[in-house]
Amino acid sequence: MALAKRIIPCLDVENGRVVKGVQFVDIRDAGDPVEVAKRYDEQGADEITFLDITASHEDRDTMVHTVEEMASQVFIPLTVGGGIRTCDDIRRMLNAGADKVSINTAAVFNPEFVREAAERFGSQCIVVAIDAKKVSQPGETDKWEIFTHGGRKPTGLDAIEWAQKMVELGAGEILLTSMDQDGVKNGYDLGVTRAISEAVSVPVIASGGVGNLDHLVAGCIEGKADAVLAASIFHFGEYSIPEAKQYMRENGIEVRL
Amino acid sequence: MSSVAVIDYGMGNLHSVAKALEHVQPGVEVRVTADPTLIFSADRVLLPGVGAIRDCMGEIRRLEIDKVVQQVIDSGKPFLAICVGIQALMRHSEENNGVDCLNFFAGNTLFFGTDLKDSNGEKLKVPHMGWNQVYQRTAHPLWQNIDDGSRFYFVHSYYVKSEQPRQVSATCEYSVEFDVALSENNVFAVQFHPEKSQKPGLQLLKNFLNWDGKV
């Protein structure tokens, strides 16, 4: 009787293939992006996120044709990210069939880009991706900082303040990835997820670190995320989307079955 | 083979709607266009839209889509409005400090507010984004083979409130109960995105392509 928490499989795409690395290194191949997206759509995924993981630092255009092909066969929302720097990039992706674009590095270098994009295309299609890393030491008050370039470059920006600023500028959703957790399968960083979800008015997608279905449940309940994103547990067949949804429902979470 | 015109006034992702229509009825001729001649000669007309209402209404008026829409509606042709499309058919919207709309349906478009809570007091996010249950209030050809309470995909911060209960064809709840489908003769309008709502959404589009505009 309420809005369902969303399960979002994430396709990290490099050179036309779905890949998954551990903390952005040690890449494994997980198949053709269109085939993978179709499979998730049929299984009941609530959205698909497609990230061109090399675009940001190799200065490469995102894969417009893959998006076009995906959008003609997948009838759930599709978010595209990686190398989105200008309003022209956004227009091209939306015209190719994306419903939302995810802006990461470009927002850090030019926050006004988020405002410009939201005013032109509407907040509903502007997702700001935040890569956060814990910078406080044990015993200190928790503090998370924004990193760019696949977690390699620190920015000195406080993650919670940054998220609030992005929403003020017009972000319609926050995709929050914990860089400490990403790919290591120990679960989301629930602290930063909850802190940001409580600090902003828009939906927050938890990302980074899912190794089992309890992590999805914790992301929704303790992390207060509105959606949970995962990659490798689905790509390599450890769990299916229906199994994940069933498990979440058994744990009292509203899902779309 | 039948044809459907998807009205293109420069706002939103028309590719998704067009692809979904082609998927549910292979061979259907989908015209993404603002050309009145192509719109009037199509068998069915669809008014999509995403983005802010001021810009949408601005473009609708500038391109004289308002007149085209009125003529299509008067012709009795099956007409489907989606998302901002339904909001454009209301009298007025609270968005962008207030915008007058097409005044086809009696009622207004209102803001969800910034302090939404569910029945347990938990904070609700705005935009209302994701899959929510749609409760059918009237029988309609467009609900054929769609279970009552099916989940559809929404993304919006403003909602429609009709003043004409008999026109309300479906409702949804998100802190408040609001109207997500309105119908009047050959016009059907929905707040959710059928083209992004998987099986029930595709079924609704299929029903639209098979609808003769009569209830």
# chains A, B, ... in the order shown; residues from 1 in each chain; ligands from 1
>>> interface_residues(of="chain B", to="chain A", cutoff="6 Å", atoms="only C-alpha atoms", output="PyMOL selection string")
chain B and resi 13+15-16+19+51+125-126+131-132+196-198
>>> residues_around(residues="Gly156 of chain A", least_positions_apart="3", cutoff="12 Å", atoms="only C-alpha atoms", output="tab-separated table (two decimals) with N, CA, C and O atoms, in the first residue's frame")
chain	number	residue	atom	x	y	z
A	108	VAL	N	31.06	18.13	-9.70
A	108	VAL	CA	32.10	18.57	-8.76
A	108	VAL	C	32.86	19.76	-9.34
A	108	VAL	O	33.13	20.75	-8.66
A	132	ALA	N	31.45	8.59	-2.11
A	132	ALA	CA	31.90	9.04	-0.79
A	132	ALA	C	32.83	8.02	-0.15
A	132	ALA	O	32.68	6.82	-0.34
A	133	LYS	N	33.78	8.54	0.59
A	133	LYS	CA	34.70	7.69	1.35
A	133	LYS	C	34.76	8.21	2.77
A	133	LYS	O	34.79	9.43	2.98
A	134	LYS	N	34.82	7.31	3.71
A	134	LYS	CA	34.92	7.75	5.11
A	134	LYS	C	36.32	8.29	5.34
A	134	LYS	O	37.32	7.64	5.01
A	135	VAL	N	36.40	9.51	5.90
A	135	VAL	CA	37.72	10.10	6.15
A	135	VAL	C	37.99	10.29	7.63
A	135	VAL	O	39.11	10.64	8.01
A	143	LYS	N	32.73	11.25	9.33
A	143	LYS	CA	32.85	12.25	8.29
A	143	LYS	C	33.16	11.54	6.98
A	143	LYS	O	34.02	10.66	6.93
A	144	TRP	N	32.42	11.92	5.94
A	144	TRP	CA	32.64	11.31	4.63
A	144	TRP	C	32.97	12.41	3.63
A	144	TRP	O	32.40	13.50	3.69
A	145	GLU	N	33.85	12.08	2.70
A	145	GLU	CA	34.29	13.07	1.72
A	145	GLU	C	33.98	12.58	0.31
A	145	GLU	O	33.95	11.38	0.04
A	146	ILE	N	33.80	13.55	-0.60
A	146	ILE	CA	33.53	13.23	-2.01
A	146	ILE	C	34.83	12.93	-2.75
A	146	ILE	O	35.81	13.67	-2.62
A	147	PHE	N	34.79	11.85	-3.54
A	147	PHE	CA	35.93	11.51	-4.40
A	147	PHE	C	35.45	11.49	-5.85
A	147	PHE	O	34.29	11.24	-6.12
A	148	THR	N	36.35	11.77	-6.76
A	148	THR	CA	36.00	11.70	-8.19
A	148	THR	C	36.93	10.71	-8.90
A	148	THR	O	37.82	10.12	-8.27
A	153	LYS	N	40.40	10.47	-6.79
A	153	LYS	CA	40.78	11.84	-6.42
A	153	LYS	C	39.90	12.41	-5.31
A	153	LYS	O	38.69	12.55	-5.48
A	159	ALA	N	30.50	15.05	2.27
A	159	ALA	CA	29.49	14.33	1.48
A	159	ALA	C	28.06	14.78	1.79
A	159	ALA	O	27.24	14.92	0.87
A	161	GLU	N	26.98	17.71	3.13
A	161	GLU	CA	26.75	19.09	2.66
A	161	GLU	C	26.65	19.12	1.14
A	161	GLU	O	25.85	19.85	0.56
A	162	TRP	N	27.47	18.31	0.51
A	162	TRP	CA	27.47	18.25	-0.95
A	162	TRP	C	26.13	17.75	-1.49
A	162	TRP	O	25.55	18.31	-2.42
>>> closest_residue(among="B:Ala18, B:Ile82, B:Ile53, B:Leu202", to="Trp143 of chain B", atoms="only C-alpha atoms")
B:Leu202
>>> residues_around(residues="segment 55-61 of chain B", least_positions_apart="3", cutoff="12 Å", atoms="only C-alpha atoms", output="PDB file with C-alpha atoms, in the first residue's frame")
ATOM      1  CA  GLU A 119      16.129  23.830 -15.367  1.00  0.00           C
ATOM      2  CA  ARG A 120      16.378  22.637 -18.931  1.00  0.00           C
ATOM      3  CA  PHE A 121      15.353  18.987 -18.610  1.00  0.00           C
ATOM      4  CA  GLY A 122      13.555  18.890 -15.253  1.00  0.00           C
TER       5      GLY A 122
ATOM      6  CA  ILE B   7       2.795  15.049 -30.250  1.00  0.00           C
ATOM      7  CA  ASP B   8       6.321  16.455 -30.173  1.00  0.00           C
ATOM      8  CA  TYR B   9       6.554  19.889 -28.594  1.00  0.00           C
ATOM      9  CA  GLY B  10      10.206  19.565 -27.694  1.00  0.00           C
ATOM     10  CA  MET B  11       9.689  18.330 -24.132  1.00  0.00           C
ATOM     11  CA  GLY B  12      10.614  14.916 -22.922  1.00  0.00           C
ATOM     12  CA  ALA B  34       4.124  18.644 -34.220  1.00  0.00           C
ATOM     13  CA  LEU B  47       0.195  13.771 -25.678  1.00  0.00           C
ATOM     14  CA  PRO B  48       3.323  12.987 -23.639  1.00  0.00           C
ATOM     15  CA  GLY B  49       5.473  15.363 -21.645  1.00  0.00           C
ATOM     16  CA  VAL B  50       8.059  15.604 -18.929  1.00  0.00           C
ATOM     17  CA  GLY B  51       9.639  18.615 -17.322  1.00  0.00           C
ATOM     18  CA  ALA B  52       8.282  21.794 -15.838  1.00  0.00           C
ATOM     19  CA  GLU B  64      -0.443  26.071 -31.275  1.00  0.00           C
ATOM     20  CA  ILE B  65      -0.660  22.512 -30.003  1.00  0.00           C
ATOM     21  CA  ASP B  66      -3.494  23.721 -27.746  1.00  0.00           C
ATOM     22  CA  LYS B  67      -5.727  24.227 -30.779  1.00  0.00           C
ATOM     23  CA  VAL B  68      -4.633  20.939 -32.324  1.00  0.00           C
ATOM     24  CA  VAL B  69      -5.429  19.085 -29.082  1.00  0.00           C
ATOM     25  CA  GLN B  70      -8.872  20.699 -28.869  1.00  0.00           C
ATOM     26  CA  CYS B  83       2.494  12.555 -17.107  1.00  0.00           C
ATOM     27  CA  VAL B  84       2.781  16.297 -17.793  1.00  0.00           C
ATOM     28  CA  GLY B  85       0.206  15.580 -20.503  1.00  0.00           C
ATOM     29  CA  ILE B  86      -2.508  15.005 -17.868  1.00  0.00           C
ATOM     30  CA  GLN B  87      -1.382  18.088 -15.954  1.00  0.00           C
ATOM     31  CA  ALA B  88      -1.602  20.177 -19.125  1.00  0.00           C
ATOM     32  CA  LEU B  89      -5.267  19.124 -19.478  1.00  0.00           C
ATOM     33  CA  MET B  90      -6.182  20.501 -16.035  1.00  0.00           C
ATOM     34  CA  ARG B  91      -7.356  24.055 -15.390  1.00  0.00           C
ATOM     35  CA  HIS B  92      -4.313  25.301 -13.490  1.00  0.00           C
ATOM     36  CA  SER B  93      -1.036  24.109 -11.977  1.00  0.00           C
ATOM     37  CA  GLU B  95       4.084  24.668 -10.356  1.00  0.00           C
ATOM     38  CA  ASN B  96       6.342  27.597 -11.385  1.00  0.00           C
ATOM     39  CA  GLY B  98       1.113  29.115 -11.007  1.00  0.00           C
ATOM     40  CA  VAL B  99       0.470  28.325 -14.651  1.00  0.00           C
ATOM     41  CA  ASP B 100      -2.863  28.305 -16.496  1.00  0.00           C
ATOM     42  CA  CYS B 101      -3.364  25.103 -18.455  1.00  0.00           C
ATOM     43  CA  LEU B 102      -5.775  23.801 -21.098  1.00  0.00           C
ATOM     44  CA  ASN B 103      -8.844  23.567 -18.831  1.00  0.00           C
TER      45      ASN B 103
END
>>> residues_around(residues="Ser169 of chain B", least_positions_apart="6", cutoff="6 Å", atoms="only C-alpha atoms", output="list of chain:residue names")
B:Gln136, B:Arg137, B:Thr138, B:Ala181, B:Leu182
>>> select_by_dssp(residues="segment 61-137 of chain A", states="strand (DSSP E)", output="list in words")
Leu78, Thr79, Val80, Gly81, Lys100, Val101, Ser102, Ile103, Ile126, Val127, Val128, Ala129, Ile130, Asp131, Ala132, Lys133 and Lys134 of chain A
>>> residues_around(residues="segment 36-40 of chain B", least_positions_apart="4", cutoff="7 Å", atoms="only C-alpha atoms", output="VMD selection string")
chain B and resid 5 45 68 72
>>> write_last_selection(atoms="all heavy atoms", output="CSV table (one decimal), in the first residue's frame")
chain,number,residue,atom,x,y,z
B,5,ALA,N,-0.1,9.3,-33.6
B,5,ALA,CA,0.7,10.5,-33.6
B,5,ALA,C,1.1,10.8,-32.2
B,5,ALA,O,0.3,10.8,-31.3
B,5,ALA,CB,0.0,11.7,-34.2
B,45,VAL,N,-4.1,9.7,-31.1
B,45,VAL,CA,-3.1,10.8,-30.7
B,45,VAL,C,-2.7,10.6,-29.3
B,45,VAL,O,-3.5,10.3,-28.4
B,45,VAL,CB,-3.7,12.1,-31.0
B,45,VAL,CG1,-2.8,13.3,-30.6
B,45,VAL,CG2,-4.1,12.3,-32.5
B,68,VAL,N,-4.7,22.3,-31.7
B,68,VAL,CA,-4.6,20.9,-32.3
B,68,VAL,C,-5.3,19.9,-31.4
B,68,VAL,O,-6.1,19.1,-31.8
B,68,VAL,CB,-3.2,20.5,-32.7
B,68,VAL,CG1,-3.1,19.1,-33.1
B,68,VAL,CG2,-2.6,21.5,-33.7
B,72,VAL,N,-8.5,17.6,-32.0
B,72,VAL,CA,-8.4,16.1,-31.9
B,72,VAL,C,-9.5,15.6,-30.9
B,72,VAL,O,-10.2,14.6,-31.2
B,72,VAL,CB,-7.0,15.7,-31.5
B,72,VAL,CG1,-7.0,14.2,-31.2
B,72,VAL,CG2,-6.0,16.0,-32.6
>>> atom_distance(atom1="atom CA of Val192 of chain A", atom2="atom CA of Ile221 of chain A")
13.5 Å
>>> atom_distance(atom1="atom CA of Pro127 of chain B", atom2="atom CA of Tyr153 of chain B")
12.2 Å
>>> residues_around(residues="Asp180 of chain A", least_positions_apart="2", cutoff="10 Å", atoms="only C-alpha atoms", output="list in words")
Gln23, Asp131, Ala132, Lys133, Lys134, Gly151, Thr177, Ser178, Asp182, Gly183, Val184, Asn186, Tyr188, Asp189, Gly208 and Gly209 of chain A
>>> write_last_selection(atoms="C-alpha atoms", output="compact mmCIF listing (two decimals), in the first residue's frame")
# COMPACT_ATOMS: atom_id res chain seq x y z
CA GLN A 23 37.06 -1.29 -5.92
CA ASP A 131 31.21 8.77 -4.50
CA ALA A 132 31.90 9.04 -0.79
CA LYS A 133 34.70 7.69 1.35
CA LYS A 134 34.92 7.75 5.11
CA GLY A 151 37.41 6.98 -6.33
CA THR A 177 28.28 5.00 -3.74
CA SER A 178 30.50 4.18 -0.85
CA ASP A 182 32.34 -0.86 -3.58
CA GLY A 183 32.95 -4.35 -4.91
CA VAL A 184 34.14 -5.78 -1.58
CA ASN A 186 30.62 -6.33 2.96
CA TYR A 188 26.54 -0.71 2.08
CA ASP A 189 28.05 1.94 4.30
CA GLY A 208 28.53 -0.11 -3.31
CA GLY A 209 29.31 -3.28 -1.42
>>> residues_around(residues="Ser119 of chain B", least_positions_apart="4", cutoff="10 Å", atoms="only C-alpha atoms", output="PyMOL selection string")
chain B and resi 123+174-175
>>> select_by_dssp(residues="segment 5-232 of chain A", states="alpha helix (DSSP H)", output="number ranges by chain")
A: 33-43, 55-58, 64-71, 87-96, 105-109, 112-121, 159-169, 190-199, 213-221, 232
>>> decode(residues="segment 6-151 of chain A", atoms="C-alpha atoms", output="mmCIF file, in the first residue's frame")
data_model
loop_
_atom_site.group_PDB
_atom_site.id
_atom_site.type_symbol
_atom_site.label_atom_id
_atom_site.label_comp_id
_atom_site.auth_asym_id
_atom_site.auth_seq_id
_atom_site.Cartn_x
_atom_site.Cartn_y
_atom_site.Cartn_z
ATOM 1 C CA ARG A 6 13.347 -0.231 -5.898
ATOM 2 C CA ILE A 7 15.962 -2.825 -6.846
ATOM 3 C CA ILE A 8 18.316 -1.471 -9.477
ATOM 4 C CA PRO A 9 20.866 -3.718 -11.168
ATOM 5 C CA CYS A 10 23.804 -1.640 -12.325
ATOM 6 C CA LEU A 11 25.650 -2.311 -15.550
ATOM 7 C CA ASP A 12 29.184 -0.960 -15.501
ATOM 8 C CA VAL A 13 30.097 -0.937 -19.168
ATOM 9 C CA GLU A 14 33.550 -0.764 -20.638
ATOM 10 C CA ASN A 15 34.335 -1.224 -24.330
ATOM 11 C CA GLY A 16 30.820 -2.484 -25.013
ATOM 12 C CA ARG A 17 30.832 -5.151 -22.313
ATOM 13 C CA VAL A 18 29.340 -5.314 -18.848
ATOM 14 C CA VAL A 19 32.187 -5.579 -16.374
ATOM 15 C CA LYS A 20 32.503 -5.616 -12.646
ATOM 16 C CA GLY A 21 35.638 -4.801 -10.735
ATOM 17 C CA VAL A 22 36.561 -4.867 -7.086
ATOM 18 C CA GLN A 23 37.060 -1.289 -5.915
ATOM 19 C CA PHE A 24 37.279 -0.273 -9.551
ATOM 20 C CA VAL A 25 40.142 -2.617 -10.410
ATOM 21 C CA ASP A 26 40.317 -6.365 -11.179
ATOM 22 C CA ILE A 27 37.663 -6.306 -13.914
ATOM 23 C CA ARG A 28 35.475 -9.372 -14.693
ATOM 24 C CA ASP A 29 33.369 -9.736 -17.852
ATOM 25 C CA ALA A 30 29.598 -10.128 -17.332
ATOM 26 C CA GLY A 31 28.230 -10.053 -20.864
ATOM 27 C CA ASP A 32 26.560 -7.938 -23.540
ATOM 28 C CA PRO A 33 24.814 -4.906 -22.000
ATOM 29 C CA VAL A 34 21.593 -5.166 -24.001
ATOM 30 C CA GLU A 35 21.202 -8.878 -23.263
ATOM 31 C CA VAL A 36 21.946 -8.321 -19.589
ATOM 32 C CA ALA A 37 19.462 -5.428 -19.357
ATOM 33 C CA LYS A 38 16.739 -7.460 -21.080
ATOM 34 C CA ARG A 39 17.256 -10.307 -18.655
ATOM 35 C CA TYR A 40 16.859 -7.988 -15.664
ATOM 36 C CA ASP A 41 13.777 -6.342 -17.168
ATOM 37 C CA GLU A 42 12.167 -9.773 -17.605
ATOM 38 C CA GLN A 43 13.117 -10.776 -14.055
ATOM 39 C CA GLY A 44 11.320 -7.761 -12.610
ATOM 40 C CA ALA A 45 14.093 -5.249 -11.923
ATOM 41 C CA ASP A 46 12.588 -1.848 -11.124
ATOM 42 C CA GLU A 47 15.119 0.212 -13.091
ATOM 43 C CA ILE A 48 18.404 -0.246 -14.895
ATOM 44 C CA THR A 49 21.457 1.917 -14.371
ATOM 45 C CA PHE A 50 24.053 1.928 -17.122
ATOM 46 C CA LEU A 51 27.420 3.467 -16.316
ATOM 47 C CA ASP A 52 30.169 3.950 -18.853
ATOM 48 C CA ILE A 53 32.939 3.498 -16.338
ATOM 49 C CA THR A 54 35.821 4.610 -18.477
ATOM 50 C CA ALA A 55 34.203 7.720 -19.958
ATOM 51 C CA SER A 56 35.209 10.101 -17.222
ATOM 52 C CA HIS A 57 38.948 9.619 -17.338
ATOM 53 C CA GLU A 58 39.466 8.473 -20.883
ATOM 54 C CA ASP A 59 37.369 11.360 -22.173
ATOM 55 C CA ARG A 60 35.238 9.091 -24.286
ATOM 56 C CA ASP A 61 31.643 9.555 -25.342
ATOM 57 C CA THR A 62 29.135 7.303 -23.677
ATOM 58 C CA MET A 63 27.794 4.539 -25.806
ATOM 59 C CA VAL A 64 24.799 6.102 -27.460
ATOM 60 C CA HIS A 65 23.993 3.154 -29.667
ATOM 61 C CA THR A 66 23.967 0.715 -26.799
ATOM 62 C CA VAL A 67 21.548 2.994 -24.989
ATOM 63 C CA GLU A 68 19.319 3.195 -28.081
ATOM 64 C CA GLU A 69 19.251 -0.542 -28.434
ATOM 65 C CA MET A 70 18.622 -1.053 -24.736
ATOM 66 C CA ALA A 71 15.798 1.491 -24.685
ATOM 67 C CA SER A 72 13.955 -0.212 -27.513
ATOM 68 C CA GLN A 73 13.872 -3.512 -25.654
ATOM 69 C CA VAL A 74 13.640 -2.556 -21.995
ATOM 70 C CA PHE A 75 10.444 -0.977 -20.663
ATOM 71 C CA ILE A 76 11.504 0.155 -17.241
ATOM 72 C CA PRO A 77 13.367 3.372 -16.406
ATOM 73 C CA LEU A 78 16.908 3.605 -17.665
ATOM 74 C CA THR A 79 19.564 5.842 -16.120
ATOM 75 C CA VAL A 80 22.751 6.527 -18.036
ATOM 76 C CA GLY A 81 25.950 7.884 -16.553
ATOM 77 C CA GLY A 82 29.618 8.302 -17.310
ATOM 78 C CA GLY A 83 31.105 11.302 -19.035
ATOM 79 C CA ILE A 84 27.952 13.471 -18.912
ATOM 80 C CA ARG A 85 29.427 16.981 -18.956
ATOM 81 C CA THR A 86 27.178 19.244 -21.022
ATOM 82 C CA CYS A 87 23.503 19.792 -21.755
ATOM 83 C CA ASP A 88 24.199 18.428 -25.230
ATOM 84 C CA ASP A 89 25.436 15.175 -23.667
ATOM 85 C CA ILE A 90 22.179 14.988 -21.698
ATOM 86 C CA ARG A 91 19.996 15.730 -24.706
ATOM 87 C CA ARG A 92 21.781 13.042 -26.712
ATOM 88 C CA MET A 93 21.241 10.447 -23.983
ATOM 89 C CA LEU A 94 17.578 11.348 -23.483
ATOM 90 C CA ASN A 95 17.026 11.238 -27.236
ATOM 91 C CA ALA A 96 18.711 7.832 -27.330
ATOM 92 C CA GLY A 97 16.102 6.614 -24.856
ATOM 93 C CA ALA A 98 17.512 7.250 -21.398
ATOM 94 C CA ASP A 99 15.009 8.468 -18.810
ATOM 95 C CA LYS A 100 17.561 9.942 -16.451
ATOM 96 C CA VAL A 101 21.209 10.847 -16.605
ATOM 97 C CA SER A 102 23.666 10.550 -13.791
ATOM 98 C CA ILE A 103 26.135 13.402 -13.335
ATOM 99 C CA ASN A 104 29.204 12.864 -11.218
ATOM 100 C CA THR A 105 32.561 14.447 -11.957
ATOM 101 C CA ALA A 106 31.080 17.330 -13.930
ATOM 102 C CA ALA A 107 28.990 18.359 -10.917
ATOM 103 C CA VAL A 108 32.102 18.572 -8.758
ATOM 104 C CA PHE A 109 33.948 20.747 -11.247
ATOM 105 C CA ASN A 110 30.942 22.889 -12.111
ATOM 106 C CA PRO A 111 27.994 22.674 -9.676
ATOM 107 C CA GLU A 112 26.060 25.200 -11.777
ATOM 108 C CA PHE A 113 25.845 22.521 -14.461
ATOM 109 C CA VAL A 114 23.382 20.673 -12.225
ATOM 110 C CA ARG A 115 21.189 23.785 -11.998
ATOM 111 C CA GLU A 116 21.355 24.371 -15.742
ATOM 112 C CA ALA A 117 20.519 20.728 -16.480
ATOM 113 C CA ALA A 118 17.620 20.621 -14.007
ATOM 114 C CA GLU A 119 16.129 23.830 -15.367
ATOM 115 C CA ARG A 120 16.378 22.637 -18.931
ATOM 116 C CA PHE A 121 15.353 18.987 -18.610
ATOM 117 C CA GLY A 122 13.555 18.890 -15.253
ATOM 118 C CA SER A 123 14.823 17.581 -11.924
ATOM 119 C CA GLN A 124 13.111 14.250 -12.556
ATOM 120 C CA CYS A 125 15.824 13.218 -14.989
ATOM 121 C CA ILE A 126 18.865 14.600 -13.164
ATOM 122 C CA VAL A 127 20.570 12.112 -10.861
ATOM 123 C CA VAL A 128 23.697 13.295 -9.088
ATOM 124 C CA ALA A 129 26.132 10.489 -8.357
ATOM 125 C CA ILE A 130 28.189 10.916 -5.226
ATOM 126 C CA ASP A 131 31.213 8.774 -4.500
ATOM 127 C CA ALA A 132 31.904 9.045 -0.790
ATOM 128 C CA LYS A 133 34.705 7.693 1.349
ATOM 129 C CA LYS A 134 34.920 7.746 5.106
ATOM 130 C CA VAL A 135 37.719 10.103 6.145
ATOM 131 C CA SER A 136 37.182 10.187 9.914
ATOM 132 C CA GLN A 137 39.254 7.905 12.116
ATOM 133 C CA PRO A 138 37.683 5.416 14.555
ATOM 134 C CA GLY A 139 36.597 7.360 17.636
ATOM 135 C CA GLU A 140 36.093 10.612 15.738
ATOM 136 C CA THR A 141 32.720 11.942 14.612
ATOM 137 C CA ASP A 142 31.789 10.268 11.326
ATOM 138 C CA LYS A 143 32.845 12.247 8.285
ATOM 139 C CA TRP A 144 32.641 11.311 4.628
ATOM 140 C CA GLU A 145 34.286 13.071 1.724
ATOM 141 C CA ILE A 146 33.525 13.228 -2.007
ATOM 142 C CA PHE A 147 35.926 11.506 -4.400
ATOM 143 C CA THR A 148 36.000 11.697 -8.192
ATOM 144 C CA HIS A 149 37.531 9.752 -11.055
ATOM 145 C CA GLY A 150 36.424 6.328 -9.915
ATOM 146 C CA GLY A 151 37.405 6.976 -6.333
#
